[in-house]
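Shown next: upload_28.cif, containing mmCIF, C-alpha atoms.
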```
data_input
loop_
_atom_site.group_PDB
_atom_site.id
_atom_site.type_symbol
_atom_site.label_atom_id
_atom_site.label_comp_id
_atom_site.auth_asym_id
_atom_site.auth_seq_id
_atom_site.Cartn_x
_atom_site.Cartn_y
_atom_site.Cartn_z
ATOM 1 C CA MET A 10 60.968 -3.358 28.393
ATOM 2 C CA GLU A 11 61.398 -0.308 26.225
ATOM 3 C CA ILE A 12 61.192 -2.518 23.098
ATOM 4 C CA VAL A 13 57.875 -4.005 24.313
ATOM 5 C CA THR A 14 56.495 -0.540 25.066
ATOM 6 C CA GLU A 15 57.510 0.707 21.620
ATOM 7 C CA LYS A 16 55.844 -2.314 19.993
ATOM 8 C CA ARG A 17 52.639 -1.550 21.878
ATOM 9 C CA LYS A 18 52.790 2.076 20.773
ATOM 10 C CA THR A 19 53.372 1.016 17.177
ATOM 11 C CA ARG A 20 50.483 -1.455 17.356
ATOM 12 C CA GLY A 21 48.267 1.232 18.896
ATOM 13 C CA ARG A 22 49.134 3.716 16.124
ATOM 14 C CA PHE A 23 48.422 1.043 13.516
ATOM 15 C CA VAL A 24 44.992 0.278 15.011
ATOM 16 C CA ARG A 25 44.132 4.000 15.238
ATOM 17 C CA ASN A 26 45.230 4.560 11.653
ATOM 18 C CA MET A 27 43.162 1.630 10.442
ATOM 19 C CA LEU A 28 40.117 2.929 12.309
ATOM 20 C CA LEU A 29 40.610 6.366 10.758
ATOM 21 C CA ILE A 30 40.878 4.817 7.298
ATOM 22 C CA VAL A 31 37.702 2.772 7.841
ATOM 23 C CA LEU A 32 35.900 5.858 9.142
ATOM 24 C CA ALA A 33 37.088 7.887 6.162
ATOM 25 C CA LEU A 34 35.857 5.175 3.767
ATOM 26 C CA ILE A 35 32.466 5.094 5.476
ATOM 27 C CA ILE A 36 32.158 8.878 5.222
ATOM 28 C CA LEU A 37 33.254 8.767 1.579
ATOM 29 C CA PHE A 38 30.716 6.024 0.819
ATOM 30 C CA PHE A 39 27.984 8.022 2.572
ATOM 31 C CA LEU A 40 28.839 11.167 0.590
ATOM 32 C CA ILE A 41 28.886 9.266 -2.707
ATOM 33 C CA VAL A 42 25.483 7.745 -1.950
ATOM 34 C CA GLN A 43 24.031 11.204 -1.335
ATOM 35 C CA ILE A 44 25.042 12.417 -4.789
ATOM 36 C CA ILE A 45 24.075 9.275 -6.698
ATOM 37 C CA PRO A 46 21.301 10.263 -9.117
ATOM 38 C CA VAL A 47 18.255 8.080 -8.508
ATOM 39 C CA LYS A 48 15.951 6.893 -11.249
ATOM 40 C CA LYS A 49 12.690 8.827 -11.111
ATOM 41 C CA ASN A 50 9.283 7.921 -12.469
ATOM 42 C CA GLU A 51 8.760 10.059 -15.543
ATOM 43 C CA SER A 52 5.247 10.900 -14.383
ATOM 44 C CA ASN A 53 2.966 9.837 -11.574
ATOM 45 C CA THR A 54 -0.721 10.706 -11.434
ATOM 46 C CA LEU A 55 -0.843 9.620 -7.777
ATOM 47 C CA LEU A 56 1.326 12.504 -6.544
ATOM 48 C CA ARG A 57 -0.467 15.245 -4.609
ATOM 49 C CA VAL A 58 2.506 17.398 -3.620
ATOM 50 C CA GLY A 59 1.270 20.624 -2.046
ATOM 51 C CA GLY A 60 -2.371 19.662 -2.515
ATOM 52 C CA LYS A 61 -5.129 17.639 -0.928
ATOM 53 C CA PRO A 62 -4.355 13.979 -0.309
ATOM 54 C CA ASP A 63 -6.625 11.478 -2.003
ATOM 55 C CA VAL A 64 -9.329 10.099 0.254
ATOM 56 C CA ILE A 65 -9.269 6.378 -0.485
ATOM 57 C CA ALA A 66 -12.246 4.297 0.658
ATOM 58 C CA HIS A 67 -10.614 1.314 2.381
ATOM 59 C CA ARG A 68 -12.464 -1.863 1.362
ATOM 60 C CA GLY A 69 -14.941 0.512 -0.207
ATOM 61 C CA GLY A 70 -15.592 2.215 3.128
ATOM 62 C CA ALA A 71 -15.798 -0.646 5.610
ATOM 63 C CA GLY A 72 -17.008 1.604 8.423
ATOM 64 C CA ILE A 73 -20.043 2.918 6.588
ATOM 65 C CA ALA A 74 -21.285 -0.071 4.550
ATOM 66 C CA PRO A 75 -20.523 -3.798 4.145
ATOM 67 C CA GLU A 76 -16.891 -3.990 3.085
ATOM 68 C CA ASN A 77 -15.866 -4.854 -0.460
ATOM 69 C CA THR A 78 -19.411 -4.727 -1.821
ATOM 70 C CA LEU A 79 -21.059 -2.745 -4.588
ATOM 71 C CA GLU A 80 -23.181 -1.059 -1.908
ATOM 72 C CA ALA A 81 -20.057 0.262 -0.182
ATOM 73 C CA PHE A 82 -18.580 1.450 -3.471
ATOM 74 C CA LYS A 83 -21.836 3.190 -4.390
ATOM 75 C CA LEU A 84 -22.036 5.018 -1.063
ATOM 76 C CA SER A 85 -18.383 6.095 -1.149
ATOM 77 C CA ASP A 86 -18.765 7.266 -4.742
ATOM 78 C CA SER A 87 -21.755 9.398 -3.729
ATOM 79 C CA LEU A 88 -19.662 10.964 -0.949
ATOM 80 C CA GLY A 89 -17.043 12.078 -3.439
ATOM 81 C CA VAL A 90 -14.095 9.822 -2.589
ATOM 82 C CA ASP A 91 -11.035 10.096 -4.802
ATOM 83 C CA MET A 92 -10.272 6.386 -4.989
ATOM 84 C CA LEU A 93 -11.692 3.006 -4.039
ATOM 85 C CA GLU A 94 -9.566 0.362 -2.324
ATOM 86 C CA PHE A 95 -10.461 -3.322 -2.307
ATOM 87 C CA ASP A 96 -9.038 -6.846 -2.400
ATOM 88 C CA VAL A 97 -9.250 -9.689 -4.892
ATOM 89 C CA ARG A 98 -9.126 -13.473 -4.741
ATOM 90 C CA LEU A 99 -10.027 -16.393 -7.012
ATOM 91 C CA SER A 100 -13.265 -18.344 -6.711
ATOM 92 C CA LYS A 101 -13.450 -22.089 -7.201
ATOM 93 C CA ASP A 102 -14.392 -21.598 -10.850
ATOM 94 C CA GLY A 103 -11.430 -19.293 -11.458
ATOM 95 C CA GLN A 104 -13.189 -15.932 -11.429
ATOM 96 C CA VAL A 105 -11.703 -12.850 -9.745
ATOM 97 C CA VAL A 106 -13.919 -11.875 -6.825
ATOM 98 C CA VAL A 107 -13.734 -9.023 -4.344
ATOM 99 C CA MET A 108 -12.998 -10.356 -0.859
ATOM 100 C CA HIS A 109 -10.427 -9.558 1.814
ATOM 101 C CA ASP A 110 -10.388 -12.685 3.977
ATOM 102 C CA GLU A 111 -9.437 -16.187 2.924
ATOM 103 C CA THR A 112 -12.816 -17.309 4.245
ATOM 104 C CA ILE A 113 -16.329 -15.884 3.973
ATOM 105 C CA ASP A 114 -17.126 -16.396 7.678
ATOM 106 C CA ARG A 115 -16.537 -12.844 8.942
ATOM 107 C CA THR A 116 -18.391 -10.920 6.241
ATOM 108 C CA THR A 117 -21.221 -13.247 5.133
ATOM 109 C CA ASN A 118 -23.674 -15.694 6.684
ATOM 110 C CA GLY A 119 -21.728 -18.570 5.162
ATOM 111 C CA GLU A 120 -18.660 -20.540 6.161
ATOM 112 C CA GLY A 121 -15.581 -21.825 4.383
ATOM 113 C CA LYS A 122 -12.869 -20.643 2.049
ATOM 114 C CA VAL A 123 -13.559 -18.381 -0.911
ATOM 115 C CA SER A 124 -11.704 -20.873 -3.095
ATOM 116 C CA GLU A 125 -14.196 -23.604 -2.168
ATOM 117 C CA TYR A 126 -17.130 -21.843 -3.841
ATOM 118 C CA SER A 127 -18.060 -20.896 -7.385
ATOM 119 C CA VAL A 128 -19.166 -17.327 -8.038
ATOM 120 C CA GLU A 129 -22.777 -18.479 -8.204
ATOM 121 C CA GLU A 130 -22.423 -20.134 -4.808
ATOM 122 C CA LEU A 131 -20.665 -17.111 -3.307
ATOM 123 C CA LYS A 132 -23.520 -14.895 -4.451
ATOM 124 C CA SER A 133 -25.999 -17.045 -2.563
ATOM 125 C CA PHE A 134 -24.570 -15.759 0.726
ATOM 126 C CA ASP A 135 -25.552 -12.494 2.414
ATOM 127 C CA ALA A 136 -22.510 -10.191 2.257
ATOM 128 C CA GLY A 137 -24.290 -7.601 4.395
ATOM 129 C CA TYR A 138 -25.184 -10.007 7.169
ATOM 130 C CA HIS A 139 -22.586 -8.979 9.764
ATOM 131 C CA PHE A 140 -22.368 -5.248 9.113
ATOM 132 C CA VAL A 141 -23.382 -3.300 12.213
ATOM 133 C CA GLY A 142 -24.764 0.220 11.888
ATOM 134 C CA PRO A 143 -23.974 3.061 14.319
ATOM 135 C CA ASP A 144 -27.177 2.273 16.260
ATOM 136 C CA GLY A 145 -26.258 -1.391 16.693
ATOM 137 C CA SER A 146 -28.705 -2.626 14.058
ATOM 138 C CA PHE A 147 -27.988 -4.678 10.937
ATOM 139 C CA PRO A 148 -29.197 -2.330 8.188
ATOM 140 C CA TYR A 149 -27.915 -4.395 5.255
ATOM 141 C CA ARG A 150 -28.948 -7.841 6.466
ATOM 142 C CA GLY A 151 -31.316 -9.566 4.059
ATOM 143 C CA LYS A 152 -31.092 -6.723 1.522
ATOM 144 C CA GLY A 153 -29.525 -8.724 -1.287
ATOM 145 C CA VAL A 154 -25.927 -7.612 -0.743
ATOM 146 C CA THR A 155 -23.635 -10.079 -2.496
ATOM 147 C CA VAL A 156 -19.951 -10.775 -3.086
ATOM 148 C CA PRO A 157 -19.054 -8.886 -6.295
ATOM 149 C CA THR A 158 -16.777 -9.956 -9.098
ATOM 150 C CA LEU A 159 -14.030 -7.665 -10.347
ATOM 151 C CA THR A 160 -15.833 -7.283 -13.664
ATOM 152 C CA GLU A 161 -18.942 -5.991 -11.874
ATOM 153 C CA VAL A 162 -16.868 -3.365 -10.108
ATOM 154 C CA PHE A 163 -15.199 -2.248 -13.339
ATOM 155 C CA GLU A 164 -18.538 -2.119 -15.146
ATOM 156 C CA SER A 165 -20.084 0.174 -12.514
ATOM 157 C CA TYR A 166 -17.158 2.236 -11.214
ATOM 158 C CA SER A 167 -14.611 2.540 -14.004
ATOM 159 C CA HIS A 168 -14.783 6.330 -13.578
ATOM 160 C CA LEU A 169 -12.994 6.034 -10.227
ATOM 161 C CA PRO A 170 -9.283 5.313 -9.725
ATOM 162 C CA MET A 171 -8.695 2.200 -7.629
ATOM 163 C CA VAL A 172 -6.157 0.671 -5.290
ATOM 164 C CA ILE A 173 -6.486 -3.112 -5.610
ATOM 165 C CA GLU A 174 -4.650 -5.649 -3.490
ATOM 166 C CA ILE A 175 -3.829 -9.156 -4.663
ATOM 167 C CA LYS A 176 -4.510 -11.250 -1.556
ATOM 168 C CA GLU A 177 -3.012 -14.549 -2.751
ATOM 169 C CA ASN A 178 0.486 -15.513 -3.808
ATOM 170 C CA ASP A 179 -1.009 -17.075 -6.916
ATOM 171 C CA LYS A 180 0.168 -16.466 -10.481
ATOM 172 C CA LYS A 181 -3.130 -17.696 -11.876
ATOM 173 C CA LEU A 182 -4.915 -14.935 -9.951
ATOM 174 C CA ALA A 183 -2.409 -12.390 -11.249
ATOM 175 C CA ASP A 184 -2.909 -13.607 -14.826
ATOM 176 C CA GLU A 185 -6.720 -13.448 -14.645
ATOM 177 C CA PHE A 186 -6.577 -10.092 -12.892
ATOM 178 C CA ALA A 187 -4.254 -8.565 -15.486
ATOM 179 C CA ASP A 188 -6.427 -9.824 -18.349
ATOM 180 C CA ILE A 189 -9.529 -8.146 -16.893
ATOM 181 C CA ILE A 190 -7.676 -4.859 -16.332
ATOM 182 C CA PHE A 191 -6.690 -4.682 -20.008
ATOM 183 C CA GLN A 192 -10.074 -5.955 -21.174
ATOM 184 C CA TYR A 193 -11.767 -3.009 -19.456
ATOM 185 C CA GLY A 194 -9.050 -0.487 -20.306
ATOM 186 C CA MET A 195 -8.298 0.177 -16.636
ATOM 187 C CA GLU A 196 -4.502 0.077 -16.867
ATOM 188 C CA ASP A 197 -4.241 3.822 -16.231
ATOM 189 C CA LYS A 198 -6.890 3.860 -13.477
ATOM 190 C CA VAL A 199 -5.571 1.283 -11.027
ATOM 191 C CA ILE A 200 -2.562 0.710 -8.800
ATOM 192 C CA ILE A 201 -1.893 -2.815 -7.642
ATOM 193 C CA GLY A 202 -0.657 -3.783 -4.196
ATOM 194 C CA SER A 203 0.353 -7.050 -2.562
ATOM 195 C CA PHE A 204 2.179 -8.174 0.550
ATOM 196 C CA PHE A 205 3.932 -10.763 -1.647
ATOM 197 C CA ASP A 206 6.992 -9.343 -3.430
ATOM 198 C CA GLU A 207 7.130 -12.337 -5.751
ATOM 199 C CA ILE A 208 3.592 -11.826 -7.028
ATOM 200 C CA ALA A 209 3.961 -8.026 -7.248
ATOM 201 C CA ASN A 210 7.061 -8.427 -9.419
ATOM 202 C CA TYR A 211 5.346 -11.121 -11.494
ATOM 203 C CA PHE A 212 2.360 -8.847 -12.071
ATOM 204 C CA TYR A 213 4.647 -5.990 -13.104
ATOM 205 C CA ASP A 214 6.395 -8.268 -15.605
ATOM 206 C CA ILE A 215 3.274 -9.739 -17.220
ATOM 207 C CA THR A 216 1.809 -6.266 -17.703
ATOM 208 C CA ASN A 217 5.107 -4.916 -19.059
ATOM 209 C CA GLY A 218 5.029 -2.199 -16.413
ATOM 210 C CA GLU A 219 1.897 -0.685 -17.975
ATOM 211 C CA VAL A 220 -0.044 -1.033 -14.717
ATOM 212 C CA ALA A 221 1.259 0.815 -11.660
ATOM 213 C CA ILE A 222 2.218 -1.191 -8.593
ATOM 214 C CA SER A 223 3.030 -0.244 -5.017
ATOM 215 C CA THR A 224 5.886 -1.604 -2.942
ATOM 216 C CA ALA A 225 5.296 -5.054 -1.490
ATOM 217 C CA SER A 226 6.271 -6.066 2.038
ATOM 218 C CA ALA A 227 9.976 -6.922 1.728
ATOM 219 C CA THR A 228 10.719 -4.049 -0.652
ATOM 220 C CA THR A 229 8.965 -1.594 1.653
ATOM 221 C CA LYS A 230 10.916 -2.766 4.703
ATOM 222 C CA LYS A 231 14.232 -2.620 2.873
ATOM 223 C CA TYR A 232 13.587 0.865 1.526
ATOM 224 C CA VAL A 233 12.404 2.256 4.878
ATOM 225 C CA ILE A 234 15.396 0.856 6.778
ATOM 226 C CA PHE A 235 17.885 2.179 4.219
ATOM 227 C CA GLN A 236 16.105 5.533 4.118
ATOM 228 C CA LYS A 237 16.384 5.826 7.896
ATOM 229 C CA LEU A 238 20.122 5.202 7.480
ATOM 230 C CA PHE A 239 20.307 7.948 4.810
ATOM 231 C CA LEU A 240 20.987 5.290 2.179
ATOM 232 C CA GLY A 241 17.631 5.144 0.433
ATOM 233 C CA ASN A 242 19.154 6.244 -2.876
ATOM 234 C CA ILE A 243 20.838 2.884 -3.362
ATOM 235 C CA ILE A 244 17.496 1.016 -3.362
ATOM 236 C CA PRO A 245 16.076 0.796 -6.894
ATOM 237 C CA LEU A 246 12.299 1.227 -7.079
ATOM 238 C CA LYS A 247 10.058 0.679 -10.097
ATOM 239 C CA GLU A 248 6.911 1.178 -8.006
ATOM 240 C CA GLN A 249 4.770 4.305 -8.182
ATOM 241 C CA ALA A 250 3.684 4.310 -4.556
ATOM 242 C CA LEU A 251 4.736 3.426 -1.055
ATOM 243 C CA GLN A 252 1.663 2.182 0.802
ATOM 244 C CA LEU A 253 2.440 2.345 4.497
ATOM 245 C CA PRO A 254 1.030 2.019 7.986
ATOM 246 C CA THR A 255 1.865 4.912 10.294
ATOM 247 C CA HIS A 256 4.335 2.826 12.306
ATOM 248 C CA SER A 257 6.215 -0.420 11.880
ATOM 249 C CA SER A 258 8.202 -1.868 14.779
ATOM 250 C CA ILE A 259 10.390 0.997 16.053
ATOM 251 C CA PHE A 260 9.963 3.109 12.928
ATOM 252 C CA ASP A 261 7.746 6.149 12.555
ATOM 253 C CA LEU A 262 6.691 6.054 8.906
ATOM 254 C CA THR A 263 4.888 9.395 8.868
ATOM 255 C CA THR A 264 7.933 11.669 8.806
ATOM 256 C CA LYS A 265 8.095 14.476 6.279
ATOM 257 C CA LYS A 266 11.636 13.403 5.510
ATOM 258 C CA LEU A 267 10.489 9.984 4.324
ATOM 259 C CA ILE A 268 7.642 11.485 2.308
ATOM 260 C CA ASP A 269 9.874 14.128 0.727
ATOM 261 C CA ALA A 270 12.479 11.508 -0.204
ATOM 262 C CA ALA A 271 9.811 9.494 -2.023
ATOM 263 C CA HIS A 272 8.543 12.627 -3.757
ATOM 264 C CA GLU A 273 12.058 13.345 -5.027
ATOM 265 C CA ARG A 274 11.730 10.092 -6.955
ATOM 266 C CA ASN A 275 8.169 10.866 -8.104
ATOM 267 C CA ILE A 276 6.843 8.137 -5.835
ATOM 268 C CA ALA A 277 3.559 8.746 -4.023
ATOM 269 C CA VAL A 278 3.054 7.895 -0.342
ATOM 270 C CA GLN A 279 -0.311 6.506 0.729
ATOM 271 C CA TYR A 280 -1.204 5.464 4.298
ATOM 272 C CA TRP A 281 -3.470 2.766 5.706
ATOM 273 C CA THR A 282 -5.769 2.398 7.606
ATOM 274 C CA ILE A 283 -6.348 5.912 8.982
ATOM 275 C CA ASN A 284 -9.567 6.205 10.996
ATOM 276 C CA ASP A 285 -8.315 8.763 13.517
ATOM 277 C CA LEU A 286 -9.053 12.305 12.360
ATOM 278 C CA ASP A 287 -6.070 13.776 14.205
ATOM 279 C CA MET A 288 -3.849 11.481 12.162
ATOM 280 C CA VAL A 289 -5.639 12.489 8.963
ATOM 281 C CA GLU A 290 -4.864 16.122 9.765
ATOM 282 C CA TYR A 291 -1.254 15.307 10.639
ATOM 283 C CA LEU A 292 -0.706 13.404 7.394
ATOM 284 C CA LEU A 293 -2.160 16.340 5.491
ATOM 285 C CA GLU A 294 0.480 18.566 7.094
ATOM 286 C CA GLN A 295 3.254 16.076 6.349
ATOM 287 C CA GLY A 296 2.404 15.958 2.661
ATOM 288 C CA ALA A 297 0.879 12.499 2.255
ATOM 289 C CA ASP A 298 -0.574 11.712 -1.161
ATOM 290 C CA GLY A 299 -3.310 9.337 -0.065
ATOM 291 C CA ILE A 300 -5.228 8.319 3.044
ATOM 292 C CA MET A 301 -6.994 4.958 3.115
ATOM 293 C CA THR A 302 -9.825 5.019 5.614
ATOM 294 C CA ASP A 303 -12.853 2.979 6.642
ATOM 295 C CA TYR A 304 -14.692 6.279 7.180
ATOM 296 C CA PRO A 305 -14.238 8.353 4.014
ATOM 297 C CA ASN A 306 -17.208 10.507 5.073
ATOM 298 C CA LYS A 307 -15.296 11.740 8.125
ATOM 299 C CA ALA A 308 -12.047 12.321 6.241
ATOM 300 C CA ILE A 309 -13.799 14.271 3.482
ATOM 301 C CA HIS A 310 -15.649 16.395 6.052
ATOM 302 C CA LEU A 311 -12.411 17.183 7.895
ATOM 303 C CA LEU A 312 -10.551 18.187 4.746
ATOM 304 C CA ARG A 313 -13.390 20.460 3.747
ATOM 305 C CA GLN A 314 -13.352 22.032 7.207
ATOM 306 C CA LYS A 315 -9.625 22.650 6.755
ATOM 307 C CA GLY A 316 -10.403 24.490 3.547
ATOM 308 C CA VAL A 317 -8.581 21.996 1.370
ATOM 309 C CA ASP A 318 -10.134 22.012 -2.061
ATOM 310 C CA LYS A 319 -10.934 18.786 -3.831
#
```
When written as structure tokens, how does the structure in this file appear?
Amino acid sequence: MEIVTEKRKTRGRFVRNMLLIVLALIILFFLIVQIIPVKKNESNTLLRVGGKPDVIAHRGGAGIAPENTLEAFKLSDSLGVDMLEFDVRLSKDGQVVVMHDETIDRTTNGEGKVSEYSVEELKSFDAGYHFVGPDGSFPYRGKGVTVPTLTEVFESYSHLPMVIEIKENDKKLADEFADIIFQYGMEDKVIIGSFFDEIANYFYDITNGEVAISTASATTKKYVIFQKLFLGNIIPLKEQALQLPTHSSIFDLTTKKLIDAAHERNIAVQYWTINDLDMVEYLLEQGADGIMTDYPNKAIHLLRQKGVDK
């Protein structure tokens, strides 16, 4: 009986010792991770540390004019936005057009997929048809608002920085898109986003890293989870911006800790789609670098009220 008891004690000590060793290794690993030097971007024009966050007109300012149209871009430009945000797809004839949805049903008086129409055909539809003004009217209906091409946007608004999202997991779209960026000398004026990690990485490679990109979906999730576990340093990032919603699943993505950690790596943090002015004010306090909003007029007014200089 005494031999059995002693064996149990020995086994218990062994288990406790092993647990202590494992715990010590975990703590050691954690400490090493904290002192690992992370690769920083040498420079990043998107950072606004200690200053006013960029007001970014989401889809050109979808709350104040027909989204992703030259009319929206013109109005937002006149308001003094810092950046335009819009989406690109390929038309049937292989041209890069500005459109968020896969189909034209929601934003024009037509029906069908963008990819089923040539640019000429897309321009025959009324892109202001469904926009509803604050009084319930349709102020842009029948006013000649059309679906723009990327080249039209660059020709009219090359003075503004832009956030542009690739909406398709299509290398042909990425190729055409990259060619137009270099053709118009916009490589230092745009940052490219995509939910598709494969296409974001492909775009980065074909442009030799000369055009900034933001983190795509899987990369963003991985980084956020590891950052919440205090292990963000082990995630390599070549991107110049995290573009985030305010929340994802159980995670609050607006914490100063997350923003500061990105800033330590010279990575900007931009949030979408922020239409609540209380959240705009909160993100200002947290140190966000950019706020994408459908109502840039309201965000600009609030920041001016707060005494934040442009």
**OP:** List the residues matched by the PyMOL selection byres ((chain A and resi 170) around 9) in the displayed structure as a list in words, ordered by chain and then by residue number.
**Re:**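 Evaluating the PyMOL selection byres ((chain A and resi 170) around 9) on these coordinates yields Asp91, Met92, Leu93, Glu94, Tyr166, Ser167, His168, Leu169, Met171, Val172, Met195, Asp197, Lys198, Val199 and Ile200 of chain A.
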**OP:** Write out as an MDAnalysis selection string the residues lying within 8 Å of region 268-272 of chain A, counting only C-alpha atoms and excluding same-chain residues fewer than 6 positions away.
**Re:** chainID A and resid 56 58 251 278 295:297
Please work out which residues fall within 9 Å of (-20.2, -20.6, -9.6), coordinates as given in the file, with all atoms listed in the file counting, and return them as a short mmCIF file (atom, residue, chain, number, x, y, z; two decimals) with C-alpha atoms, keeping the file's coordinate frame.
```cif
data_model
loop_
_atom_site.label_atom_id
_atom_site.label_comp_id
_atom_site.auth_asym_id
_atom_site.auth_seq_id
_atom_site.Cartn_x
_atom_site.Cartn_y
_atom_site.Cartn_z
CA SER A 100 -13.26 -18.34 -6.71
CA LYS A 101 -13.45 -22.09 -7.20
CA ASP A 102 -14.39 -21.60 -10.85
CA GLN A 104 -13.19 -15.93 -11.43
CA TYR A 126 -17.13 -21.84 -3.84
CA SER A 127 -18.06 -20.90 -7.38
CA VAL A 128 -19.17 -17.33 -8.04
CA GLU A 129 -22.78 -18.48 -8.20
CA GLU A 130 -22.42 -20.13 -4.81
CA LEU A 131 -20.66 -17.11 -3.31
CA LYS A 132 -23.52 -14.90 -4.45
#
```
Long-range neighbours of region 205-217 of chain A as a JSON list (two decimals) with C-alpha atoms, keeping the file's coordinate frame, 10 Å cut-off, all atoms listed in the file, 5 positions minimum in chain:
```
[["chain", "number", "residue", "atom", "x", "y", "z"],
["A", 174, "GLU", "CA", -4.65, -5.65, -3.49],
["A", 175, "ILE", "CA", -3.83, -9.16, -4.66],
["A", 176, "LYS", "CA", -4.51, -11.25, -1.56],
["A", 177, "GLU", "CA", -3.01, -14.55, -2.75],
["A", 178, "ASN", "CA", 0.49, -15.51, -3.81],
["A", 179, "ASP", "CA", -1.01, -17.08, -6.92],
["A", 180, "LYS", "CA", 0.17, -16.47, -10.48],
["A", 182, "LEU", "CA", -4.92, -14.94, -9.95],
["A", 183, "ALA", "CA", -2.41, -12.39, -11.25],
["A", 184, "ASP", "CA", -2.91, -13.61, -14.83],
["A", 186, "PHE", "CA", -6.58, -10.09, -12.89],
["A", 187, "ALA", "CA", -4.25, -8.56, -15.49],
["A", 188, "ASP", "CA", -6.43, -9.82, -18.35],
["A", 190, "ILE", "CA", -7.68, -4.86, -16.33],
["A", 191, "PHE", "CA", -6.69, -4.68, -20.01],
["A", 196, "GLU", "CA", -4.50, 0.08, -16.87],
["A", 222, "ILE", "CA", 2.22, -1.19, -8.59],
["A", 223, "SER", "CA", 3.03, -0.24, -5.02],
["A", 224, "THR", "CA", 5.89, -1.60, -2.94],
["A", 225, "ALA", "CA", 5.30, -5.05, -1.49],
["A", 226, "SER", "CA", 6.27, -6.07, 2.04],
["A", 227, "ALA", "CA", 9.98, -6.92, 1.73],
["A", 228, "THR", "CA", 10.72, -4.05, -0.65],
["A", 229, "THR", "CA", 8.96, -1.59, 1.65],
["A", 247, "LYS", "CA", 10.06, 0.68, -10.10],
["A", 248, "GLU", "CA", 6.91, 1.18, -8.01]]
```
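Across the structure, CA of Met288 (chain A) and CA of Ser146 (chain A) are spaced 28.6 Å apart.
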**OP:** Run the PyMOL selection byres ((chain A and resi 153-160) around 8) mentally over the shown coordinates, then write out the matched residues as a ChimeraX atom specification, using the chain letters and numbers from the document.
**Re:** /A:77-80,97,104-108,128,131-137,149-152,161-164,189
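A straight line drawn from CA of Lys49 (chain A) to CA of Ile276 (chain A) is 7.9 Å long.
Here CA of Lys230 (chain A) stands at a distance of 26.4 Å from CA of Lys181 (chain A).
Counting all atoms listed in the file and comparing A:Asp287, A:Glu219, A:Glu111, A:Asp63, the residue that lies closest to Gln249 (chain A) is A:Glu219.
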Original post:
Got a sec to resolve the PyMOL selection byres ((chain A and resi 84) around 10) on this structure and send the residues as a PyMOL selection string?
Top reply: chain A and resi 66+69-70+73-74+79-83+85-90+305-306
Original post:
Using all atoms listed in the file, which of A:Gln236, A:Thr116, A:Gly194, A:Glu290 sits nearest His310 (chain A)?
Top reply: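 The shortest atom-to-atom distance to His310 (chain A) comes from A:Glu290.
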Original post:
With all atoms listed in the file as the atoms that count, which of A:Asp144, A:Leu253, A:Asn242, A:Arg313 lies nearest to Phe204 (chain A)?
Top reply: A:Leu253
Subject >> Nearest candidate to Ile234 (chain A) (options A:Ser203, A:Gln279, A:Ser258, A:Thr112; using only C-alpha atoms) >> reply: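 Counting only C-alpha atoms, the residue closest to Ile234 (chain A) is A:Ser258.
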Subject >> Of the listed residues A:Phe239, A:Ser257, A:Thr282, A:Val220, that which approaches Asn53 (chain A) most closely, counting all atoms listed in the file >> reply: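 With all atoms listed in the file as the atom set, the closest residue is A:Val220.
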Put the listed atoms of region 65-71 of chain A in a box along x, y and z with 6 Å added on every side and give me the centre and edge lengths in Å to one decimal, as AutoDock Vina command-line options.
```
--center_x -12.5 --center_y 2.3 --center_z 2.6 --size_x 18.5 --size_y 20.2 --size_z 18.1
```
